[in-house]
Structure formats: C-alpha cells, structure tokens
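target.csv follows; it contains CSV, C-alpha atoms.
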chain,number,residue,atom,x,y,z
A,1,MET,CA,-33.7,-44.2,40.1
A,2,THR,CA,-31.8,-47.1,38.6
A,3,TRP,CA,-31.7,-45.4,35.2
A,4,VAL,CA,-30.6,-42.0,36.5
A,5,PHE,CA,-27.9,-43.4,38.8
A,6,GLY,CA,-26.8,-45.9,36.1
A,7,SER,CA,-26.2,-43.0,33.7
A,8,GLN,CA,-24.0,-41.3,36.3
A,9,LEU,CA,-22.0,-44.5,36.9
A,10,ASP,CA,-21.2,-44.6,33.2
A,11,ARG,CA,-19.2,-41.4,33.7
A,12,VAL,CA,-17.4,-42.5,36.9
A,13,LEU,CA,-16.9,-46.2,36.2
A,14,PRO,CA,-17.2,-46.7,32.4
A,15,GLU,CA,-15.6,-50.1,32.7
A,16,LEU,CA,-18.7,-51.6,34.3
A,17,GLY,CA,-20.7,-51.5,31.0
A,18,VAL,CA,-24.3,-52.7,31.4
A,19,LEU,CA,-23.5,-54.0,34.9
A,20,ARG,CA,-23.7,-50.5,36.0
A,21,TYR,CA,-27.5,-50.8,36.0
A,22,LEU,CA,-27.3,-53.8,38.4
A,23,VAL,CA,-25.1,-51.6,40.7
A,24,ALA,CA,-27.6,-48.8,40.3
A,25,LEU,CA,-30.5,-51.1,41.2
A,26,PHE,CA,-28.7,-52.0,44.4
A,27,PHE,CA,-28.3,-48.3,45.1
A,28,ALA,CA,-32.0,-47.6,44.6
A,29,VAL,CA,-33.0,-50.4,47.0
A,30,ALA,CA,-30.4,-49.1,49.6
A,31,PHE,CA,-31.7,-45.6,49.2
A,32,TYR,CA,-35.3,-46.5,49.8
A,33,ALA,CA,-34.2,-48.6,52.8
A,34,SER,CA,-32.7,-45.4,54.1
A,35,VAL,CA,-36.0,-43.6,53.5
A,36,LEU,CA,-37.7,-46.4,55.4
A,37,VAL,CA,-35.3,-45.9,58.4
A,38,HIS,CA,-36.2,-42.2,58.2
A,39,GLU,CA,-39.9,-43.0,58.4
A,40,LEU,CA,-39.4,-45.7,61.1
A,41,ALA,CA,-37.9,-43.0,63.3
A,42,HIS,CA,-41.1,-41.0,63.1
A,43,THR,CA,-43.2,-44.2,63.7
A,44,VAL,CA,-41.2,-45.3,66.8
A,45,VAL,CA,-41.5,-41.9,68.4
A,46,ALA,CA,-45.2,-41.7,67.5
A,47,LEU,CA,-45.9,-45.1,69.1
A,48,ARG,CA,-44.0,-44.0,72.2
A,49,TYR,CA,-46.3,-41.0,72.4
A,50,LYS,CA,-49.2,-43.5,72.0
A,51,LEU,CA,-50.2,-42.0,68.6
A,52,PRO,CA,-51.5,-44.7,66.2
A,53,VAL,CA,-49.7,-45.2,62.9
A,54,ARG,CA,-51.8,-46.6,60.1
A,55,ARG,CA,-48.9,-47.4,57.7
A,56,ILE,CA,-45.6,-46.3,56.2
A,57,GLN,CA,-46.0,-45.5,52.5
A,58,LEU,CA,-42.9,-45.2,50.3
A,59,GLN,CA,-43.3,-42.9,47.3
A,60,PHE,CA,-41.1,-41.9,44.4
A,61,PHE,CA,-39.9,-38.7,46.2
A,62,GLY,CA,-39.6,-40.3,49.6
A,63,GLY,CA,-42.1,-41.6,52.1
A,64,VAL,CA,-44.7,-40.7,54.7
A,65,SER,CA,-45.7,-42.2,58.1
A,66,GLU,CA,-49.5,-42.0,58.3
A,67,ILE,CA,-50.0,-41.0,61.9
A,68,GLU,CA,-53.7,-40.9,62.7
A,69,LYS,CA,-53.7,-38.4,65.6
A,70,GLU,CA,-52.1,-35.0,66.4
A,71,SER,CA,-49.4,-34.6,69.0
A,72,GLU,CA,-50.7,-33.3,72.3
A,73,THR,CA,-48.0,-30.7,72.8
A,74,PRO,CA,-45.7,-28.6,70.6
A,75,GLY,CA,-42.7,-30.1,72.2
A,76,ARG,CA,-43.8,-33.6,71.1
A,77,GLU,CA,-44.7,-32.3,67.7
A,78,PHE,CA,-41.2,-30.9,67.3
A,79,THR,CA,-39.5,-34.1,68.4
A,80,LEU,CA,-41.7,-36.3,66.2
A,81,ALA,CA,-40.8,-34.2,63.2
A,82,PHE,CA,-37.1,-33.8,63.9
A,83,VAL,CA,-36.2,-37.5,64.5
A,84,GLY,CA,-36.6,-38.3,60.7
A,85,PRO,CA,-34.0,-35.8,59.4
A,86,LEU,CA,-31.8,-36.7,62.4
A,87,LEU,CA,-31.8,-40.3,61.4
A,88,SER,CA,-31.0,-39.4,57.8
A,89,LEU,CA,-28.0,-37.3,59.0
A,90,VAL,CA,-26.9,-40.3,61.1
A,91,LEU,CA,-27.1,-42.6,58.1
A,92,ALA,CA,-25.1,-40.0,56.1
A,93,ALA,CA,-22.4,-40.0,58.7
A,94,VAL,CA,-22.4,-43.8,58.7
A,95,PHE,CA,-21.9,-43.9,54.9
A,96,TYR,CA,-19.3,-41.2,55.1
A,97,GLY,CA,-17.4,-43.3,57.6
A,98,GLY,CA,-17.8,-46.3,55.2
A,99,MET,CA,-16.0,-44.3,52.5
A,100,TYR,CA,-12.8,-44.6,54.5
A,101,VAL,CA,-13.2,-48.3,54.8
A,102,VAL,CA,-13.5,-49.1,51.1
A,103,GLU,CA,-11.2,-48.1,48.3
A,104,PRO,CA,-12.1,-44.9,46.4
A,105,GLY,CA,-13.0,-45.2,42.7
A,106,THR,CA,-14.5,-48.7,43.2
A,107,VAL,CA,-18.1,-49.8,43.2
A,108,PRO,CA,-18.3,-49.9,47.0
A,109,GLY,CA,-16.7,-46.5,47.2
A,110,VAL,CA,-19.1,-45.0,44.7
A,111,LEU,CA,-22.1,-46.6,46.5
A,112,MET,CA,-21.0,-45.2,49.9
A,113,ALA,CA,-20.5,-41.7,48.4
A,114,GLY,CA,-23.9,-41.9,46.6
A,115,LEU,CA,-25.8,-43.0,49.8
A,116,MET,CA,-24.0,-40.4,51.9
A,117,ILE,CA,-25.0,-37.6,49.5
A,118,SER,CA,-28.6,-38.9,49.0
A,119,ASN,CA,-29.2,-39.1,52.8
A,120,LEU,CA,-27.8,-35.6,53.2
A,121,ILE,CA,-30.2,-34.4,50.5
A,122,VAL,CA,-33.1,-36.2,52.2
A,123,ALA,CA,-32.2,-34.6,55.5
A,124,ALA,CA,-31.7,-31.1,54.1
A,125,PHE,CA,-34.9,-31.2,51.9
A,126,ASN,CA,-37.0,-32.4,54.9
A,127,LEU,CA,-35.7,-29.7,57.1
A,128,LEU,CA,-37.1,-27.0,54.8
A,129,PRO,CA,-39.6,-25.0,56.9
A,130,GLY,CA,-42.8,-25.7,55.1
A,131,LEU,CA,-45.6,-28.2,55.3
A,132,PRO,CA,-45.8,-31.1,54.5
A,133,LEU,CA,-42.1,-31.5,55.2
A,134,ASP,CA,-40.6,-32.3,58.6
A,135,GLY,CA,-39.2,-28.8,58.8
A,136,GLY,CA,-42.7,-27.4,58.3
A,137,ARG,CA,-44.0,-29.5,61.2
A,138,MET,CA,-41.1,-28.2,63.3
A,139,LEU,CA,-42.1,-24.6,62.3
A,140,ARG,CA,-45.7,-25.4,63.2
A,141,ALA,CA,-44.5,-26.6,66.7
A,142,VAL,CA,-42.5,-23.4,67.2
A,143,VAL,CA,-45.4,-21.1,66.2
A,144,TRP,CA,-47.8,-23.3,68.3
A,145,LYS,CA,-45.5,-22.9,71.3
A,146,ILE,CA,-45.3,-19.1,70.9
A,147,THR,CA,-49.0,-18.4,70.2
A,148,GLY,CA,-50.5,-21.3,72.2
A,149,LYS,CA,-52.6,-22.0,69.1
A,150,PRO,CA,-51.9,-25.2,67.0
A,151,MET,CA,-54.1,-23.8,64.2
A,152,ALA,CA,-51.9,-20.7,64.0
A,153,GLY,CA,-48.8,-22.9,63.6
A,154,THR,CA,-50.5,-24.9,60.9
A,155,VAL,CA,-51.5,-21.8,58.9
A,156,ALA,CA,-48.0,-20.3,59.1
A,157,ALA,CA,-46.3,-23.6,58.1
A,158,ALA,CA,-48.7,-24.3,55.3
A,159,TRP,CA,-48.3,-20.9,53.7
A,160,VAL,CA,-44.5,-21.2,54.0
A,161,GLY,CA,-44.9,-24.6,52.3
A,162,ARG,CA,-46.8,-23.0,49.4
A,163,ALA,CA,-44.1,-20.3,49.0
A,164,LEU,CA,-41.5,-23.1,49.1
A,165,ALA,CA,-43.4,-24.9,46.3
A,166,VAL,CA,-43.3,-21.8,44.1
A,167,SER,CA,-39.6,-21.4,44.9
A,168,VAL,CA,-38.9,-25.0,43.8
A,169,LEU,CA,-40.9,-24.6,40.6
A,170,ILE,CA,-39.1,-21.5,39.5
A,171,GLY,CA,-35.7,-21.7,41.3
A,172,LEU,CA,-34.7,-25.4,40.7
A,173,PRO,CA,-34.6,-25.2,36.9
A,174,LEU,CA,-32.7,-21.9,37.1
A,175,LEU,CA,-30.1,-23.3,39.4
A,176,THR,CA,-29.6,-26.4,37.4
A,177,GLN,CA,-29.5,-24.4,34.1
A,178,SER,CA,-26.8,-22.1,35.6
A,179,GLY,CA,-24.7,-25.0,36.7
A,180,VAL,CA,-24.8,-24.1,40.4
A,181,LEU,CA,-26.0,-27.6,41.4
A,182,GLY,CA,-23.6,-29.4,39.2
A,183,GLY,CA,-21.4,-28.8,36.1
A,184,THR,CA,-18.9,-26.1,35.4
A,185,ALA,CA,-20.8,-24.0,32.8
A,186,PRO,CA,-24.4,-23.0,32.1
A,187,ARG,CA,-26.1,-25.6,29.9
A,188,SER,CA,-28.0,-24.9,26.7
A,189,VAL,CA,-31.7,-25.6,26.5
A,190,GLY,CA,-32.2,-29.3,25.8
A,191,MET,CA,-33.7,-32.5,27.0
A,192,GLU,CA,-32.0,-32.3,30.4
A,193,THR,CA,-33.4,-28.8,30.9
A,194,VAL,CA,-36.9,-30.1,30.1
A,195,THR,CA,-36.4,-33.0,32.6
A,196,ASP,CA,-35.2,-30.6,35.3
A,197,ALA,CA,-38.3,-28.5,34.8
A,198,LEU,CA,-40.6,-31.5,34.9
A,199,LEU,CA,-39.0,-32.8,38.1
A,200,ALA,CA,-39.3,-29.3,39.6
A,201,ALA,CA,-43.0,-29.2,38.6
A,202,ILE,CA,-43.7,-32.6,40.2
A,203,LEU,CA,-41.8,-31.6,43.4
A,204,ALA,CA,-43.6,-28.3,43.6
A,205,ALA,CA,-47.0,-29.9,43.1
A,206,ILE,CA,-46.3,-32.5,45.9
A,207,ILE,CA,-45.3,-29.7,48.3
A,208,TRP,CA,-48.2,-27.4,47.3
A,209,THR,CA,-50.8,-30.2,47.6
A,210,GLY,CA,-49.3,-31.5,50.8
A,211,ALA,CA,-49.4,-28.0,52.4
A,212,GLY,CA,-53.0,-27.5,51.3
A,213,ASN,CA,-54.0,-30.9,52.6
A,214,SER,CA,-52.3,-30.2,56.0
A,215,LEU,CA,-54.3,-26.9,56.2
A,216,ARG,CA,-57.6,-28.6,55.4
A,217,MET,CA,-57.0,-31.4,57.8
A,218,ALA,CA,-56.2,-28.9,60.6
A,219,ARG,CA,-59.3,-26.9,59.9
A,220,LEU,CA,-61.3,-30.1,59.9
A,221,ARG,CA,-59.9,-31.2,63.2
A,222,GLU,CA,-60.8,-27.8,64.6
A,223,ARG,CA,-64.4,-28.3,63.5
A,224,LEU,CA,-64.6,-32.0,64.5
A,225,PRO,CA,-66.0,-31.2,68.0
A,226,GLN,CA,-69.1,-30.1,66.2
A,227,LEU,CA,-69.8,-33.7,65.4
A,228,ARG,CA,-71.7,-34.9,68.5
A,229,ALA,CA,-73.5,-38.1,68.8
A,230,ARG,CA,-76.2,-36.4,70.9
A,231,THR,CA,-77.1,-33.9,68.2
A,232,LEU,CA,-76.8,-36.3,65.2
A,233,THR,CA,-78.8,-39.2,66.7
A,234,ARG,CA,-82.3,-40.0,65.4
A,235,ARG,CA,-85.1,-40.4,67.8
A,236,ALA,CA,-86.2,-44.1,67.9
A,237,VAL,CA,-89.2,-46.1,69.0
A,238,PRO,CA,-88.8,-49.6,70.6
A,239,VAL,CA,-90.7,-52.5,69.0
A,240,THR,CA,-90.7,-56.2,69.7
A,241,SER,CA,-89.3,-58.6,67.1
A,242,ASP,CA,-92.7,-59.8,65.9
A,243,THR,CA,-94.1,-56.4,65.2
A,244,PRO,CA,-95.3,-56.0,61.6
A,245,LEU,CA,-93.2,-53.4,59.7
A,246,SER,CA,-96.3,-51.3,58.9
A,247,GLU,CA,-97.3,-51.1,62.6
A,248,ALA,CA,-93.8,-50.2,63.6
A,249,LEU,CA,-93.6,-47.4,61.0
A,250,ARG,CA,-97.0,-46.1,62.2
A,251,ARG,CA,-95.8,-45.9,65.8
A,252,ALA,CA,-92.6,-44.1,64.6
A,253,ASN,CA,-94.7,-41.6,62.6
A,254,ASP,CA,-97.0,-40.9,65.6
A,255,ALA,CA,-94.0,-40.3,67.9
A,256,GLY,CA,-92.1,-38.2,65.3
A,257,ALA,CA,-89.2,-40.8,65.3
A,258,ARG,CA,-87.0,-41.8,62.4
A,259,ALA,CA,-85.6,-45.1,63.6
A,260,LEU,CA,-86.7,-48.4,65.0
A,261,VAL,CA,-85.0,-50.4,67.8
A,262,VAL,CA,-85.9,-54.1,68.3
A,263,VAL,CA,-86.3,-55.0,72.1
A,264,ASP,CA,-86.9,-58.2,74.0
A,265,ALA,CA,-89.6,-58.8,76.6
A,266,HIS,CA,-87.5,-57.0,79.2
A,267,GLY,CA,-87.1,-53.9,77.1
A,268,ASP,CA,-83.5,-54.5,76.3
A,269,ALA,CA,-82.3,-53.6,72.8
A,270,THR,CA,-81.3,-56.6,70.6
A,271,GLY,CA,-81.1,-55.0,67.2
A,272,VAL,CA,-81.5,-52.0,65.0
A,273,VAL,CA,-83.8,-52.0,61.9
A,274,ARG,CA,-81.8,-51.0,58.9
A,275,GLU,CA,-83.2,-48.0,57.0
A,276,ALA,CA,-82.0,-49.5,53.6
A,277,ALA,CA,-83.9,-52.7,54.3
A,278,ILE,CA,-87.1,-50.7,55.0
A,279,VAL,CA,-86.8,-48.8,51.7
A,280,GLY,CA,-86.5,-52.1,49.9
A,281,ILE,CA,-89.9,-53.4,51.1
A,282,PRO,CA,-92.9,-52.4,49.0
A,283,GLU,CA,-95.7,-50.8,51.0
A,284,HIS,CA,-98.3,-53.5,50.2
A,285,ARG,CA,-96.0,-56.1,51.8
A,286,ARG,CA,-95.1,-54.2,55.0
A,287,PRO,CA,-98.1,-55.6,57.0
A,288,TRP,CA,-96.8,-59.1,56.5
A,289,ILE,CA,-93.1,-58.5,57.3
A,290,ALA,CA,-91.9,-58.6,60.9
A,291,VAL,CA,-89.2,-56.1,61.9
A,292,SER,CA,-87.0,-59.0,63.1
A,293,GLY,CA,-86.3,-59.9,59.5
A,294,LEU,CA,-85.0,-56.4,58.8
A,295,ALA,CA,-83.0,-55.9,62.0
A,296,GLN,CA,-79.2,-56.0,62.4
A,297,ASP,CA,-78.2,-57.8,65.6
A,298,LEU,CA,-76.3,-55.5,68.0
A,299,THR,CA,-72.7,-56.2,68.6
A,300,ALA,CA,-70.6,-54.6,71.4
A,301,GLY,CA,-69.1,-52.1,68.9
A,302,MET,CA,-72.6,-51.0,67.7
A,303,ARG,CA,-73.5,-49.6,71.1
A,304,VAL,CA,-72.1,-46.1,71.4
A,305,SER,CA,-72.3,-43.5,74.1
A,306,VAL,CA,-74.4,-40.4,73.6
A,307,GLU,CA,-71.5,-38.3,74.9
A,308,LEU,CA,-69.1,-39.2,72.1
A,309,ALA,CA,-67.9,-36.3,69.9
A,310,GLY,CA,-65.2,-35.3,67.4
A,311,GLU,CA,-62.4,-37.6,66.7
A,312,GLU,CA,-63.4,-40.0,69.4
A,313,LEU,CA,-66.8,-40.5,67.7
A,314,ILE,CA,-65.2,-41.0,64.3
A,315,ASP,CA,-62.7,-43.5,65.7
A,316,THR,CA,-65.4,-45.5,67.5
A,317,LEU,CA,-67.5,-45.8,64.3
A,318,ARG,CA,-64.5,-46.7,62.2
A,319,ALA,CA,-63.6,-49.5,64.6
A,320,THR,CA,-66.9,-51.3,64.0
A,321,PRO,CA,-68.2,-50.4,60.5
A,322,ALA,CA,-72.1,-50.5,60.3
A,323,THR,CA,-74.9,-48.5,58.8
A,324,GLU,CA,-76.7,-47.8,62.1
A,325,TYR,CA,-75.6,-47.7,65.7
A,326,LEU,CA,-77.6,-47.8,69.0
A,327,VAL,CA,-76.9,-44.7,71.0
A,328,VAL,CA,-77.3,-45.1,74.8
A,329,GLU,CA,-77.2,-42.9,77.8
A,330,GLU,CA,-74.5,-43.4,80.5
A,331,THR,CA,-77.2,-45.3,82.5
A,332,GLY,CA,-77.7,-47.7,79.6
A,333,GLU,CA,-81.1,-46.3,78.6
A,334,ILE,CA,-81.8,-46.1,74.8
A,335,TYR,CA,-81.3,-42.6,73.5
A,336,GLY,CA,-81.8,-43.3,69.7
A,337,VAL,CA,-80.1,-44.5,66.6
A,338,LEU,CA,-77.1,-43.0,64.9
A,339,SER,CA,-77.0,-43.4,61.1
A,340,THR,CA,-73.6,-43.5,59.4
A,341,ALA,CA,-75.2,-41.5,56.5
A,342,ASP,CA,-76.0,-38.6,58.9
A,343,VAL,CA,-72.4,-38.6,60.3
A,344,GLU,CA,-71.0,-38.5,56.7
A,345,ARG,CA,-73.2,-35.6,55.8
A,346,ALA,CA,-72.2,-33.7,58.9
A,347,PHE,CA,-68.5,-34.6,58.1
A,348,VAL,CA,-68.8,-33.3,54.6
A,349,LYS,CA,-70.4,-30.1,55.8
A,350,ALA,CA,-67.5,-29.6,58.3
A,351,MET,CA,-65.1,-30.1,55.4
A,352,ALA,CA,-66.9,-27.5,53.3
Kindly return the structure encoded in the file as structure tokens.
Amino acid sequence: MTWVFGSQLDRVLPELGVLRYLVALFFAVAFYASVLVHELAHTVVALRYKLPVRRIQLQFFGGVSEIEKESETPGREFTLAFVGPLLSLVLAAVFYGGMYVVEPGTVPGVLMAGLMISNLIVAAFNLLPGLPLDGGRMLRAVVWKITGKPMAGTVAAAWVGRALAVSVLIGLPLLTQSGVLGGTAPRSVGMETVTDALLAAILAAIIWTGAGNSLRMARLRERLPQLRARTLTRRAVPVTSDTPLSEALRRANDAGARALVVVDAHGDATGVVREAAIVGIPEHRRPWIAVSGLAQDLTAGMRVSVELAGEELIDTLRATPATEYLVVEETGEIYGVLSTADVERAFVKAMA
C-alpha cells in the first residue's frame, strides 16, 4: 500500500522526493484504521444482538469480523451487514469535509482526498450483492425474509458472489486496460497490465473462496442438529477407583459398553477413564493397574447434558477442551461417556 500510494504521490507532489513514502506509510496506517472502524461497526452491532465475536482480522484487501453465531432474524442480519459500509460512507463524508479545511495540493489535502476515495471504494465494494461481502449478506437477508428460509438466502447470495468473482476476474483488467478506471487513453500491454490482472485474480479468488465457504458453513449449520449427545454417547459401566483395569474391561465387555466411569462409594462419578491411556497399557500389566491411575478427574465443564445438540453441543465442548466427557440425564444419573473423537467423526461426516 505504501509503495503504490507513494508512486501516485510522485505524480501529484514531486517535490516531496523520498519523503513521499513516509506520507504514503501514514496513509496506509490511516486506511487500515478506517477498515478497523468498518469492522468495529459490525462487532458493536453483533455484541448488541448477543452474538459472540471471536476476533477482528485485518487482511491485505480489507478485514473480517469473526462472528461465531448466525443472526436470529433476517432484519438483524441486514442491519449487521449494512452498518459496515454505512460507517465507511460516514468516514468518506468526514474526510470530504476535511478537504475544505486544509489547502488543496498540499500533503494534508492529498491525504484527505485519498482517504475519502478509499473509504468510498471500501463502501461500494462491500455493497456488491454477493457473499462473502456485506452486500451479499444483505441480499441473503432479503431472500431469507421473502422465502422464510435462511438457507435459500445463503445459496442465492453465494452464487451471486461466484458470478461476481468471475466478473472481477474478467472485467477489472478490461476496464483498467481501456482507461475507464483511470487515464485518458487505452494502455498498451505491459507490467501495469500484468499487475492489474494479478490483483483481479487475487480479488476474484478471495470472493469465490469466501462464497464457497459461506455456502459450506450454511449447509453445515443446517446439518448440525444431527449431532446429538444422546446418539453419540458411548455406553459406560461404573467402577470404583481400586478396580484393576483388566476386571473393569471384562465388565465393560460383558455389558457391551465402550467406556469406564470411576465412581465413589456412594455411586457418584468422580472421573472418566481415558481411552488413550487404556490403549497405552500392555495386556499383561492390566491386572496390576488400577483404573484410578488412568482416570481424568471430572471438572464442572466435563459434565454435559444428554439433551445437548447442534451448535450448543459444539460450544459446550469447545468451552472445556477434553478427550472424554461424562454425559448425564436431567436427573443427574449417568448416561454414558462422550468421546471427542466420536464428535469429530460425526462433524466430518456432516461436512461431507
């Protein structure tokens, strides 16, 4: 960004010399600060709607607010998407007003003009009606409102996004080559043409990939309800802490169970025997190893309800990372053991 804007400054303010790159660096920082304000607008609205935001990530071509849940209504989805471009337009208006405060043809004047134009471009680009852009999310909200189906909105906006990617790939180099986007005459094929084609290819790839990812994530969320703790839980047998591993495994085999839960004298669960630890014990040593040495003590987050399903189940497991979880009934009775490996396999199957 500094190099590109510095080259443009050489044409407007040639008297700056090498100092133009210092001015260009300031412009680059101010531009990404504007992008951050754009993303903060999304974040503030998301938090107001009680949607968790993992982080804001600034990228070469802009930024993204990683919102971990979907909006509950199309109206909220539209508002959440629209506030970003709206803030960019507000910033463009602020910098446009700043152009009247400073003297034209000076460093402040050029910076104000550059930031005004760049924020207008950010707003206009994000309003294009295709995922993963804000305009695509707005289109998704409109189709969702009309059809009553969020998935229908995602499919429509994703395919418009893919069409947009193809248009950028083909149309942007043609427009720059013809001089429509700048210059007074068509340019001959040269290094600038190759650069334009490369940037168009990168932009098109980002849009195409983002549209595809949005579609895959929507389909995954549609299938997430299939992930149910009740159906994924392994049957378990309760054993006391001093039970030899070989005896515990014999009881599990007789009962057709695939997990072991350590209980105290009152029958309350105190730990879950880790499957990886069992595999690591040779068979000839198992009669001499007590299950207590292979058990992981239960924490509050390792007790999960048998009624959990979908995103709620995934969020609960993510909040307390572990290899096994104790699954309990609403009454507190032991239902079984949920293995993270089983959830991952079901998750991958849903993705496929």
I want to know what sits within 8 Å of Val272 in chain A, based on all atoms listed in the file, with residues of the same chain fewer than 5 positions away left out; could you give that as a PyMOL selection string? chain A and resi 260-262+295-298+324-326+337
Taking all atoms listed in the file into account, name the residue in A:Met112, A:Ala350, A:Ile170, A:Ile146 that is nearest to Met217 in chain A. A:Ala350
Which residue, A:Leu89, A:Leu224, A:Val273, A:Met302, has the smallest gap to Ile117 in chain A when you use all atoms listed in the file?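 Residue with the minimum atom-to-atom distance to Ile117 in chain A: A:Leu89.
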Could the residues of range 30-95 of chain A that have an atom at most 8 Å from range 121-133 of chain A be listed as a tab-separated table, each with its closest atom pair and the distance in Å to one decimal, counting only C-alpha atoms and ordered by chain and ascending residue number?
residue	atom	partner	partner_atom	distance
A:Gly84	CA	A:Ala123	CA	7.8
A:Pro85	CA	A:Ala123	CA	4.5
A:Leu86	CA	A:Ala123	CA	7.2
A:Ser88	CA	A:Ala123	CA	5.5
A:Leu89	CA	A:Ala123	CA	6.1
Export, as a CSV table (one decimal), keeping the file's coordinate frame, the selected residues with C-alpha atoms.
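Result file out27.csv:
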chain,number,residue,atom,x,y,z
A,84,GLY,CA,-36.6,-38.3,60.7
A,85,PRO,CA,-34.0,-35.8,59.4
A,86,LEU,CA,-31.8,-36.7,62.4
A,88,SER,CA,-31.0,-39.4,57.8
A,89,LEU,CA,-28.0,-37.3,59.0
To one decimal place, how far is CA of Ala341 in chain A from CA of Ala252 in chain A in Å? 19.4 Å
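For the pair CA of Glu275 in chain A and CA of Glu330 in chain A, the separation is 25.5 Å.
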Would you kindly return, as a list in words, each protein, DNA or RNA residue with an atom no farther than 9 Å from any atom of range 90-103 of chain A, considering only C-alpha atoms and excluding same-chain residues fewer than 4 positions away?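 Near range 90-103 of chain A, the qualifying residues are Ser34, Val37, Pro85, Leu86, Val107, Pro108, Gly109, Val110, Leu111, Met112, Ala113, Gly114, Leu115, Met116, Ile117, Ser118, Asn119, Leu120 and Ala123 of chain A.
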